[in-house]
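*Asks:* One structure, as structure tokens, below. Some questions next.
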Amino acid sequence: MIQDIYPHELHIGYEYHRSATETDCAVLIQDGKILLDEENHVPTFLQLGISPENATYLFMMDETAYYLIENAVADDHFHFEQPGTFRTVEPRHMGFAGITAVQLANFYHRNRFCSTCGAPLSPRESERVLYCKVCGRTVYPRISPAVIVAVTDGDYIVLTRYAGRAFKRYALVAGYCEVGETPEDTVRREVLEETGLHVKSMRYYKSQPWSFSETLLLGFVATADHLEQIKMDENELSYAMWVHRKDIPDYMGEASLTREMILAFRDGTL
Ligand SMILES: [Zn+2]
């Protein structure tokens, strides 16, 4: 999965006063795209030839810190890319650092002013939060919990495809947690809404931070009766079928929780 980067390590703890050095990375976002070097990596201050002063600390990947900057004059060795490029950037820990930086950069860019009273928001020294000195409103980075559910029965698993999306590979039942729900409630509701199936039991599998959609994905394995007729939600899905594990296709692609769960079921290890 995207966070499986051992022996590399993400240090996300907040350090308001950490001073940047020229070998740290400078994150510049413009029009939703991020500035990268020729290897599709986030450039260092040294590469860009700019001073690391007054940059906003984001996190460290191993010994390299990432800082948000607001401006840079970059030459032909640099280009702006859509954040989706980090799905395939190698080495993998650089891609994970890149998309994590994008999510945090968006948090700072989208919360310059208080949405209640309009006053400018300020960072706190003690934790990663933006707050309003006028009305006291606080804003934390947005992380939306969602579930991914492998609905299984013996040798069968429910595979789906989303309707109306470019993403055409097989998926699993998935959906966001609503207000007032536990993730277990979400599992039961989403399985029923998307497939018409009734969950008999479930267990937690693993989780995955997914900064592409500012989501925290919670993987569950649920059991249902494969003789029960699937009633697909045609607004959400273009495909939903019980598939025998021997008929699961080679599902190559990005290092996602969905992919890991489908392959683990095929191989009998889910
Ligand atoms: Zn305010």
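Following the order of the structure tokens, chains are lettered A, B, ..., residues in each are numbered from 1, and ligands are numbered from 1.
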Could you list, as an MDAnalysis selection string, all the residues within 12 Å of ligand 1, counting only C-alpha atoms and all ligand atoms?

*Replies:* chainID A and resid 111:122 130:139

*Asks:* Run DSSP on the backbone and tell me which residues of segment 191-227 of chain A come out as strand (DSSP E or B); list them as a list in words.

*Replies:*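 Result set for segment 191-227 of chain A (strand (DSSP E or B)): Ser201, Met202, Arg203, Tyr204, Tyr205, Lys206, Ser207, Gln208, Pro209, Trp210, Thr215, Leu216, Leu217, Leu218, Gly219, Phe220, Val221, Ala222 and Thr223 of chain A.
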
*Asks:* Write out as a VMD selection string which residues come within 7 Å of segment 89-99 of chain A when counting only C-alpha atoms, dropping same-chain ones fewer than 3 positions away.

*Replies:* chain A and resid 2 to 3 5 8 40 to 42 61 83 85 to 86 102 to 103 211 to 212

*Asks:* Considering only C-alpha atoms, can you say which of A:Lys246, A:Asp155, A:Glu234, A:Pro145 comes closest to Ser213 of chain A?

*Replies:*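 Among A:Lys246, A:Asp155, A:Glu234, A:Pro145, it is A:Pro145 that comes nearest to Ser213 of chain A.
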
*Asks:* Could you pull the residues within 10 Å of Ala174 of chain A, counting only C-alpha atoms, minus those fewer than 6 positions along the same chain, as a ChimeraX atom specification?

*Replies:* /A:146-150,160,162,186-187,190-191,194,217-220,258

*Asks:* Between A:Glu63, A:Arg259, A:Asp37, A:Tyr57, which residue has the minimum interatomic distance to His79 of chain A, considering only C-alpha atoms?

*Replies:*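 Between A:Glu63, A:Arg259, A:Asp37, A:Tyr57, the residue approaching His79 of chain A most closely is A:Asp37.
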
*Asks:* Give me, as a PyMOL selection string, all polymer residues having an atom no more than 10 Å from Thr56 of chain A, counting only C-alpha atoms and skipping those fewer than 6 positions away in the same chain.

*Replies:* chain A and resi 15-20+26-27+66-70+105+108+123

*Asks:* Using only C-alpha atoms, which residue out of A:His77, A:His109, A:Arg87, A:His11 lies closest to Leu35 of chain A?

*Replies:*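 Smallest distance to Leu35 of chain A is found for A:His77.
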
*Asks:* I'd like the neighbourhood of Val243 of chain A as a ChimeraX atom specification, where a residue qualifies if any of its atoms comes within 7 Å (using only C-alpha atoms), though same-chain residues fewer than 2 positions away should be ignored.

*Replies:* /A:156-159,241,245,247-248

*Asks:* Output N, CA and C atoms of each residue in that selection to a file, as a short mmCIF file (atom, residue, chain, number, x, y, z; two decimals), in the first residue's frame.

*Replies:*
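Result file again-v8.cif:
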```cif
data_model
loop_
_atom_site.label_atom_id
_atom_site.label_comp_id
_atom_site.auth_asym_id
_atom_site.auth_seq_id
_atom_site.Cartn_x
_atom_site.Cartn_y
_atom_site.Cartn_z
N TYR A 156 -16.37 -16.94 -2.93
CA TYR A 156 -16.90 -15.83 -3.75
C TYR A 156 -16.68 -14.48 -3.08
N ILE A 157 -16.47 -13.46 -3.93
CA ILE A 157 -16.29 -12.09 -3.47
C ILE A 157 -17.09 -11.17 -4.41
N VAL A 158 -17.61 -10.09 -3.89
CA VAL A 158 -18.34 -9.13 -4.72
C VAL A 158 -17.35 -8.12 -5.30
N LEU A 159 -17.21 -8.13 -6.63
CA LEU A 159 -16.41 -7.11 -7.30
C LEU A 159 -17.34 -6.11 -7.97
N MET A 241 -20.86 -8.01 -9.12
CA MET A 241 -21.09 -9.44 -9.32
C MET A 241 -20.35 -10.25 -8.26
N ARG A 245 -13.01 -16.96 -6.63
CA ARG A 245 -11.62 -16.50 -6.49
C ARG A 245 -10.73 -16.94 -7.65
N ASP A 247 -11.53 -16.89 -10.66
CA ASP A 247 -11.84 -16.05 -11.83
C ASP A 247 -11.40 -14.59 -11.64
N ILE A 248 -10.73 -14.29 -10.52
CA ILE A 248 -10.25 -12.92 -10.30
C ILE A 248 -9.09 -12.66 -11.26
#
```

*Asks:* Under the rule that only C-alpha atoms are counted, which of A:Phe45, A:Tyr14, A:Tyr6, A:Phe59 is the nearest residue to Glu125 of chain A?

*Replies:*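 The shortest atom-to-atom distance to Glu125 of chain A comes from A:Tyr14.
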
*Asks:* Considering only C-alpha atoms, return as a count of residues only whatever protein or nucleic-acid residues lie within 8 Å of Ser201 of chain A, sequence-local ones (same chain, fewer than 6 positions apart) excluded.

*Replies:* 3

*Asks:* Counting only C-alpha atoms, which residue out of A:Ala264, A:Ala163, A:Ala255, A:Val73 sits closest to Thr88 of chain A?

*Replies:*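 Of all the options, A:Ala255 lies closest to Thr88 of chain A.
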